[in-house]
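As stored in model02.cif (mmCIF, C-alpha atoms):
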data_query
loop_
_atom_site.group_PDB
_atom_site.id
_atom_site.type_symbol
_atom_site.label_atom_id
_atom_site.label_comp_id
_atom_site.auth_asym_id
_atom_site.auth_seq_id
_atom_site.Cartn_x
_atom_site.Cartn_y
_atom_site.Cartn_z
ATOM 1 C CA MET A 15 0.000 0.000 0.000
ATOM 2 C CA LYS A 16 2.846 2.371 0.813
ATOM 3 C CA MET A 17 4.530 1.687 -2.527
ATOM 4 C CA MET A 18 1.245 2.256 -4.365
ATOM 5 C CA MET A 19 0.768 5.628 -2.665
ATOM 6 C CA GLU A 20 4.375 6.625 -3.385
ATOM 7 C CA ASN A 21 3.964 5.925 -7.125
ATOM 8 C CA ILE A 22 0.967 8.270 -7.474
ATOM 9 C CA ASP A 23 1.602 11.718 -8.922
ATOM 10 C CA TRP A 24 -0.525 13.667 -6.462
ATOM 11 C CA ILE A 25 0.150 17.089 -7.978
ATOM 12 C CA ARG A 26 -1.107 15.861 -11.334
ATOM 13 C CA SER A 27 -4.065 14.048 -9.762
ATOM 14 C CA PHE A 28 -5.148 17.181 -7.849
ATOM 15 C CA LYS A 29 -4.609 19.617 -10.720
ATOM 16 C CA ASN A 30 -7.520 22.038 -11.317
ATOM 17 C CA LEU A 31 -9.680 20.354 -8.663
ATOM 18 C CA SER A 32 -11.565 21.833 -5.747
ATOM 19 C CA VAL A 33 -10.917 20.740 -2.164
ATOM 20 C CA ASN A 34 -13.909 18.394 -2.127
ATOM 21 C CA GLU A 35 -12.921 16.847 -5.439
ATOM 22 C CA MET A 36 -9.333 16.366 -4.233
ATOM 23 C CA TYR A 37 -10.594 14.666 -1.082
ATOM 24 C CA GLU A 38 -12.848 12.361 -3.129
ATOM 25 C CA VAL A 39 -9.852 11.371 -5.266
ATOM 26 C CA PHE A 40 -7.825 10.600 -2.141
ATOM 27 C CA LEU A 41 -10.631 8.480 -0.652
ATOM 28 C CA ARG A 42 -11.146 6.629 -3.927
ATOM 29 C CA LEU A 43 -7.447 5.724 -4.117
ATOM 30 C CA TYR A 44 -7.471 4.701 -0.453
ATOM 31 C CA GLN A 45 -10.434 2.364 -1.020
ATOM 32 C CA CYS A 46 -8.749 0.934 -4.109
ATOM 33 C CA ALA A 47 -5.578 0.219 -2.106
ATOM 34 C CA CYS A 48 -7.588 -1.489 0.638
ATOM 35 C CA LYS A 49 -9.339 -3.758 -1.873
ATOM 36 C CA MET A 50 -6.020 -4.729 -3.465
ATOM 37 C CA TYR A 51 -3.781 -5.229 -0.432
ATOM 38 C CA VAL A 52 -5.937 -5.745 2.685
ATOM 39 C CA PRO A 53 -6.867 -9.444 3.027
ATOM 40 C CA LYS A 54 -10.446 -10.331 3.810
ATOM 41 C CA ARG A 55 -11.329 -13.001 6.314
ATOM 42 C CA THR A 56 -14.799 -14.392 6.819
ATOM 43 C CA ALA A 57 -15.336 -15.609 10.361
ATOM 44 C CA GLY A 58 -17.413 -18.733 10.841
ATOM 45 C CA GLN A 59 -20.929 -18.155 12.117
ATOM 46 C CA ASN A 60 -20.699 -20.932 14.698
ATOM 47 C CA ARG A 61 -17.119 -20.193 15.709
ATOM 48 C CA LYS A 62 -16.854 -19.466 19.406
ATOM 49 C CA LYS A 63 -14.922 -16.357 20.318
ATOM 50 C CA GLN A 64 -11.745 -17.150 22.235
ATOM 51 C CA PRO A 65 -10.865 -15.307 25.450
ATOM 52 C CA PRO A 66 -8.144 -12.656 25.059
ATOM 53 C CA TRP A 67 -5.740 -14.467 27.396
ATOM 54 C CA MET A 68 -5.728 -17.690 25.339
ATOM 55 C CA ASN A 69 -2.352 -18.773 23.940
ATOM 56 C CA ASN A 70 -0.962 -21.655 21.900
ATOM 57 C CA GLY A 71 0.381 -23.493 24.951
ATOM 58 C CA ILE A 72 -3.062 -23.700 26.557
ATOM 59 C CA LYS A 73 -4.636 -24.757 23.243
ATOM 60 C CA LYS A 74 -2.132 -27.584 22.917
ATOM 61 C CA LEU A 75 -2.847 -28.809 26.442
ATOM 62 C CA ILE A 76 -6.618 -28.668 25.872
ATOM 63 C CA LYS A 77 -6.240 -30.727 22.705
ATOM 64 C CA GLU A 78 -4.072 -33.253 24.546
ATOM 65 C CA ASN A 79 -6.620 -33.428 27.364
ATOM 66 C CA TYR A 80 -9.425 -34.079 24.865
ATOM 67 C CA CYS A 81 -7.480 -36.938 23.259
ATOM 68 C CA LEU A 82 -6.877 -38.480 26.687
ATOM 69 C CA TRP A 83 -10.591 -38.194 27.471
ATOM 70 C CA LYS A 84 -11.504 -40.059 24.266
ATOM 71 C CA LYS A 85 -8.993 -42.798 25.113
ATOM 72 C CA LEU A 86 -10.380 -42.978 28.646
ATOM 73 C CA VAL A 87 -13.968 -43.404 27.452
ATOM 74 C CA GLY A 88 -13.402 -45.775 24.543
ATOM 75 C CA GLY A 89 -10.103 -47.414 25.469
ATOM 76 C CA LYS A 90 -9.270 -50.699 27.113
ATOM 77 C CA ARG A 91 -10.094 -51.158 30.770
ATOM 78 C CA SER A 92 -6.578 -52.357 31.563
ATOM 79 C CA LEU A 93 -5.150 -48.984 30.493
ATOM 80 C CA ARG A 94 -7.727 -46.775 32.172
ATOM 81 C CA CYS A 95 -5.741 -46.246 35.371
ATOM 82 C CA SER A 96 -2.670 -44.862 33.572
ATOM 83 C CA ILE A 97 -4.809 -42.808 31.150
ATOM 84 C CA LEU A 98 -6.849 -41.382 34.047
ATOM 85 C CA GLU A 99 -3.661 -40.380 35.853
ATOM 86 C CA ASN A 100 -2.365 -38.584 32.739
ATOM 87 C CA PHE A 101 -5.775 -36.976 32.211
ATOM 88 C CA ARG A 102 -5.829 -35.536 35.732
ATOM 89 C CA ARG A 103 -2.230 -34.356 35.398
ATOM 90 C CA VAL A 104 -2.968 -32.480 32.153
ATOM 91 C CA ARG A 105 -6.227 -31.106 33.576
ATOM 92 C CA ASN A 106 -4.471 -29.625 36.605
ATOM 93 C CA GLN A 107 -1.750 -28.247 34.351
ATOM 94 C CA ILE A 108 -4.407 -26.522 32.225
ATOM 95 C CA LYS A 109 -5.927 -24.916 35.318
ATOM 96 C CA ARG A 110 -2.549 -23.536 36.402
ATOM 97 C CA LYS A 111 -1.752 -22.279 32.917
ATOM 98 C CA ILE A 112 -5.127 -20.542 32.583
ATOM 99 C CA LYS A 113 -4.763 -18.881 35.980
ATOM 100 C CA SER A 114 -1.288 -17.635 35.078
ATOM 101 C CA ALA A 115 -2.390 -16.444 31.609
ATOM 102 C CA VAL A 116 -5.361 -14.506 33.023
ATOM 103 C CA SER A 117 -3.136 -12.891 35.651
ATOM 104 C CA ASP A 118 -0.527 -11.866 33.043
ATOM 105 C CA PHE A 119 -3.197 -10.494 30.677
ATOM 106 C CA GLU A 120 -4.824 -8.399 33.385
ATOM 107 C CA ALA A 121 -1.407 -7.072 34.430
ATOM 108 C CA ARG A 122 -0.685 -6.001 30.831
ATOM 109 C CA LEU A 123 -4.157 -4.486 30.660
ATOM 110 C CA ALA A 124 -3.484 -2.431 33.800
ATOM 111 C CA LYS A 125 -0.298 -1.038 32.244
ATOM 112 C CA HIS A 126 -2.355 0.293 29.326
ATOM 113 C CA ALA A 127 -4.785 2.149 31.572
ATOM 114 C CA LYS A 128 -4.523 5.187 29.292
ATOM 115 C CA GLN A 129 -6.586 3.224 26.758
ATOM 116 C CA PRO A 130 -9.911 2.704 28.587
ATOM 117 C CA LYS A 131 -11.554 1.055 25.576
ATOM 118 C CA MET A 132 -9.553 -2.138 26.116
ATOM 119 C CA ILE A 133 -10.389 -2.243 29.833
ATOM 120 C CA PHE A 134 -14.114 -1.572 29.349
ATOM 121 C CA LYS A 135 -14.274 -4.182 26.584
ATOM 122 C CA TYR A 136 -12.704 -6.787 28.874
ATOM 123 C CA PHE A 137 -15.080 -5.943 31.735
ATOM 124 C CA TYR A 138 -18.104 -5.987 29.423
ATOM 125 C CA GLU A 139 -17.203 -9.450 28.101
ATOM 126 C CA LYS A 140 -17.033 -10.816 31.650
ATOM 127 C CA LEU A 141 -20.578 -9.670 32.469
ATOM 128 C CA ASN A 142 -23.136 -12.463 32.610
ATOM 129 C CA VAL A 143 -26.027 -10.050 32.049
ATOM 130 C CA LYS A 144 -25.490 -7.476 29.300
ATOM 131 C CA PRO A 145 -26.980 -4.049 30.066
ATOM 132 C CA ALA A 146 -29.857 -3.218 27.729
ATOM 133 C CA ILE A 147 -33.066 -1.193 27.739
ATOM 134 C CA HIS A 148 -35.975 -3.622 27.568
ATOM 135 C CA SER A 149 -38.798 -1.269 28.578
ATOM 136 C CA ILE A 150 -39.421 2.404 29.287
ATOM 137 C CA LYS A 151 -42.144 4.530 30.844
ATOM 138 C CA ARG A 152 -44.269 6.746 28.622
ATOM 139 C CA SER A 153 -45.274 10.295 29.498
ATOM 140 C CA ASP A 154 -48.690 9.025 30.677
ATOM 141 C CA GLY A 155 -47.085 6.595 33.131
ATOM 142 C CA THR A 156 -47.628 3.364 31.162
ATOM 143 C CA ILE A 157 -44.801 0.967 30.288
ATOM 144 C CA THR A 158 -43.827 -0.002 26.752
ATOM 145 C CA SER A 159 -41.387 -2.657 25.519
ATOM 146 C CA ASN A 160 -41.707 -1.886 21.811
ATOM 147 C CA ARG A 161 -38.239 -1.069 20.459
ATOM 148 C CA ASP A 162 -39.501 1.374 17.841
ATOM 149 C CA GLU A 163 -41.480 3.270 20.455
ATOM 150 C CA ILE A 164 -38.497 3.301 22.830
ATOM 151 C CA VAL A 165 -36.372 4.842 20.073
ATOM 152 C CA ARG A 166 -39.064 7.433 19.351
ATOM 153 C CA ILE A 167 -39.342 8.417 23.050
ATOM 154 C CA PHE A 168 -35.567 8.878 23.352
ATOM 155 C CA ASN A 169 -35.479 10.837 20.107
ATOM 156 C CA GLU A 170 -38.190 13.198 21.302
ATOM 157 C CA PHE A 171 -36.445 13.681 24.645
ATOM 158 C CA PHE A 172 -33.036 14.466 23.109
ATOM 159 C CA HIS A 173 -34.677 16.817 20.613
ATOM 160 C CA SER A 174 -36.485 18.682 23.391
ATOM 161 C CA VAL A 175 -33.291 19.609 25.252
ATOM 162 C CA PHE A 176 -31.995 21.632 22.305
ATOM 163 C CA ASN A 177 -33.303 25.136 21.786
ATOM 164 C CA ASN A 178 -33.248 26.023 18.104
ATOM 165 C CA ASN A 179 -34.763 29.478 18.564
ATOM 166 C CA VAL A 180 -31.575 31.454 19.163
ATOM 167 C CA ASP A 181 -32.048 35.155 18.437
ATOM 168 C CA GLU A 182 -28.514 36.323 19.085
ATOM 169 C CA PRO A 183 -25.227 34.452 19.422
ATOM 170 C CA PRO A 184 -23.726 34.361 22.946
ATOM 171 C CA ASN A 185 -21.161 36.958 23.898
ATOM 172 C CA PHE A 186 -17.714 35.712 24.842
ATOM 173 C CA LEU A 187 -15.270 37.698 26.904
ATOM 174 C CA HIS A 188 -11.941 38.603 25.349
ATOM 175 C CA ARG A 189 -9.325 36.681 27.308
ATOM 176 C CA SER A 190 -6.405 37.879 25.224
ATOM 177 C CA GLU A 191 -5.536 40.661 22.819
ATOM 178 C CA LYS A 192 -3.174 38.486 20.810
ATOM 179 C CA VAL A 193 -3.883 37.912 17.147
ATOM 180 C CA CYS A 194 -3.497 34.441 15.724
ATOM 181 C CA GLU A 195 -0.764 34.581 13.122
ATOM 182 C CA PHE A 196 -0.845 31.749 10.645
ATOM 183 C CA ASN A 197 1.367 31.166 7.629
ATOM 184 C CA ILE A 198 -0.074 28.478 5.389
ATOM 185 C CA ASN A 199 3.257 27.789 3.675
ATOM 186 C CA THR A 200 5.311 27.239 6.817
ATOM 187 C CA ASP A 201 2.693 25.990 9.300
ATOM 188 C CA ILE A 202 1.294 23.353 6.920
ATOM 189 C CA SER A 203 4.173 21.554 5.278
ATOM 190 C CA PRO A 204 4.708 17.876 4.400
ATOM 191 C CA LEU A 205 7.201 17.513 7.267
ATOM 192 C CA ILE A 206 4.721 18.870 9.835
ATOM 193 C CA VAL A 207 1.955 16.638 8.480
ATOM 194 C CA LEU A 208 4.365 13.681 8.559
ATOM 195 C CA ARG A 209 5.199 14.343 12.213
ATOM 196 C CA HIS A 210 1.525 14.362 13.175
ATOM 197 C CA LEU A 211 0.797 11.197 11.154
ATOM 198 C CA LYS A 212 3.680 9.356 12.853
ATOM 199 C CA GLY A 213 2.193 10.260 16.236
ATOM 200 C CA LEU A 214 -1.228 8.738 15.561
ATOM 201 C CA ASN A 215 -2.579 6.063 17.877
ATOM 202 C CA VAL A 216 -3.416 3.056 15.683
ATOM 203 C CA SER A 217 -5.763 1.585 18.305
ATOM 204 C CA LYS A 218 -8.252 4.432 17.794
ATOM 205 C CA SER A 219 -11.345 3.895 15.674
ATOM 206 C CA THR A 220 -11.759 5.204 12.146
ATOM 207 C CA GLY A 221 -13.269 8.612 11.429
ATOM 208 C CA PHE A 222 -16.498 9.366 9.614
ATOM 209 C CA ASP A 223 -14.694 8.997 6.274
ATOM 210 C CA GLY A 224 -13.653 5.413 7.064
ATOM 211 C CA VAL A 225 -9.882 6.001 6.813
ATOM 212 C CA ASN A 226 -8.086 3.739 9.270
ATOM 213 C CA PRO A 227 -5.433 5.395 11.501
ATOM 214 C CA TYR A 228 -3.183 2.347 10.965
ATOM 215 C CA PHE A 229 -3.124 3.135 7.236
ATOM 216 C CA LEU A 230 -2.363 6.809 7.917
ATOM 217 C CA LYS A 231 0.561 5.969 10.194
ATOM 218 C CA MET A 232 2.068 3.161 8.098
ATOM 219 C CA THR A 233 1.894 5.159 4.836
ATOM 220 C CA ALA A 234 2.739 8.535 6.394
ATOM 221 C CA ASP A 235 5.856 9.010 4.226
ATOM 222 C CA ALA A 236 3.766 8.597 1.058
ATOM 223 C CA ILE A 237 0.588 10.509 1.946
ATOM 224 C CA CYS A 238 2.022 13.496 3.807
ATOM 225 C CA VAL A 239 2.297 15.397 0.497
ATOM 226 C CA PRO A 240 -1.343 14.928 -0.669
ATOM 227 C CA LEU A 241 -2.683 15.678 2.801
ATOM 228 C CA SER A 242 -0.626 18.880 3.004
ATOM 229 C CA LEU A 243 -2.003 19.893 -0.407
ATOM 230 C CA LEU A 244 -5.533 19.235 0.829
ATOM 231 C CA MET A 245 -5.060 21.367 3.919
ATOM 232 C CA LYS A 246 -3.566 24.232 1.936
#
Go through the file and emit its structure as structure tokens.
Amino acid sequence: MKMMMENIDWIRSFKNLSVNEMYEVFLRLYQCACKMYVPKRTAGQNRKKQPPWMNNGIKKLIKENYCLWKKLVGGKRSLRCSILENFRRVRNQIKRKIKSAVSDFEARLAKHAKQPKMIFKYFYEKLNVKPAIHSIKRSDGTITSNRDEIVRIFNEFFHSVFNNNVDEPPNFLHRSEKVCEFNINTDISPLIVLRHLKGLNVSKSTGFDGVNPYFLKMTADAICVPLSLLMK
């Protein structure tokens, strides 16, 4: 993707175009690059989601324990004592490994406390009862469980808190007499845009335009020029 973006003549592609048209060209090329180089994976519908602390060592032990269980159920009676001993040994080893893996994962999660999304996601997955709105009280005091009506009641409430009849804009006090001085040629340059792109957090969600921050950071050397042209 980076090589594809580097081979594009952005000055020629943006020639005689408005800002909106330039942005549409950039998004179209971004979507084309994603279709060509981002692999698609279809998850199975019946595939159970694995816990975040799961690792290959625990998977291997679980598989070994399952094979021992099949031998214990359908094997010869003379070998059941030795198979049962191995089964219990592997089972206890799995319990210790899981306990250690959960402890290590939660410790790593605590170190990344500046990213609350990961912590809230982990807590939400551990809840047995997921929070949801199943019913709501109408203005006349009756209860409704119809989802469409619940959405309508919330929509009316949120709409009522906004006052659209504003006669005059609010007055703000002048906190400073300084004038903002801005030079478009020096304050918006490819190097400045590159520095900001390199500092992006790739764990953040995409914006309204659908551009992934991982793409912006990994291809920063190639797209800093078109983005600086857009901003200018």
Expressed in Å, the length from atom CA of Lys113 of chain A to atom CA of Gly71 of chain A is 13.0 Å
Any idea what's packed within 10 Å of Ile167 of chain A, counting all atoms listed in the file, ignoring anything in its chain fewer than 5 positions away? Could you give it as a list in words?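 Once the adjacent positions are removed, what remains is Ile150, Lys151, Arg152, Ser153, Arg161, Asp162, Phe172 and His173 of chain A.
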**Distance in Å - atom CA of Lys140 of chain A versus atom CA of Asp118 of chain A** =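 So the answer is 16.6 Å.
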Discussion item. One decimal, in Å: what's the spacing between atom CA of Lys111 of chain A and atom CA of Phe137 of chain A?
Written reply: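 Separation of atom CA of Lys111 of chain A and atom CA of Phe137 of chain A: 21.1 Å.
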Run the PyMOL selection byres ((chain A and resi 205) around 12) against the file shown and list the residues it catches, as a ChimeraX atom specification. /A:199-204,206-212,234-242
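Comparing A:Trp67, A:Cys95, A:Ile147, A:Arg105 by their smallest distance to Glu120 of chain A, the closest is A:Trp67 (using only C-alpha atoms).
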Closest atom pairs, segment 118-228 of chain A residues within 10 Å of segment 23-46 of chain A, only C-alpha atoms, as a Markdown table:
| residue | atom | partner | partner_atom | distance |
| --- | --- | --- | --- | --- |
| A:Asp223 | CA | A:Leu41 | CA | 8.0 |
| A:Gly224 | CA | A:Leu41 | CA | 8.8 |
| A:Val225 | CA | A:Tyr44 | CA | 7.8 |
| A:Asn226 | CA | A:Tyr44 | CA | 9.8 |
Distance query Val216 of chain A at most 12 Å, all atoms listed in the file, self and fewer than 5 positions along chain excluded, as a PDB file with C-alpha atoms, keeping the file's coordinate frame:
ATOM      1  CA  GLN A 129      -6.586   3.224  26.758  1.00  0.00           C
ATOM      2  CA  LEU A 211       0.797  11.197  11.154  1.00  0.00           C
ATOM      3  CA  VAL A 225      -9.882   6.001   6.813  1.00  0.00           C
ATOM      4  CA  ASN A 226      -8.086   3.739   9.270  1.00  0.00           C
ATOM      5  CA  PRO A 227      -5.433   5.395  11.501  1.00  0.00           C
ATOM      6  CA  TYR A 228      -3.183   2.347  10.965  1.00  0.00           C
ATOM      7  CA  PHE A 229      -3.124   3.135   7.236  1.00  0.00           C
ATOM      8  CA  LEU A 230      -2.363   6.809   7.917  1.00  0.00           C
ATOM      9  CA  LYS A 231       0.561   5.969  10.194  1.00  0.00           C
ATOM     10  CA  MET A 232       2.068   3.161   8.098  1.00  0.00           C
TER      11      MET A 232
END
Residues near Ser117 of chain A, anyone? I mean within 12 Å using all atoms listed in the file, not counting same-chain ones fewer than 5 positions away, as a list in words.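 After dropping sequence-adjacent residues, the list is Pro66, Trp67, Met68, Arg110, Lys111, Ile112, Arg122, Leu123 and Ala124 of chain A.
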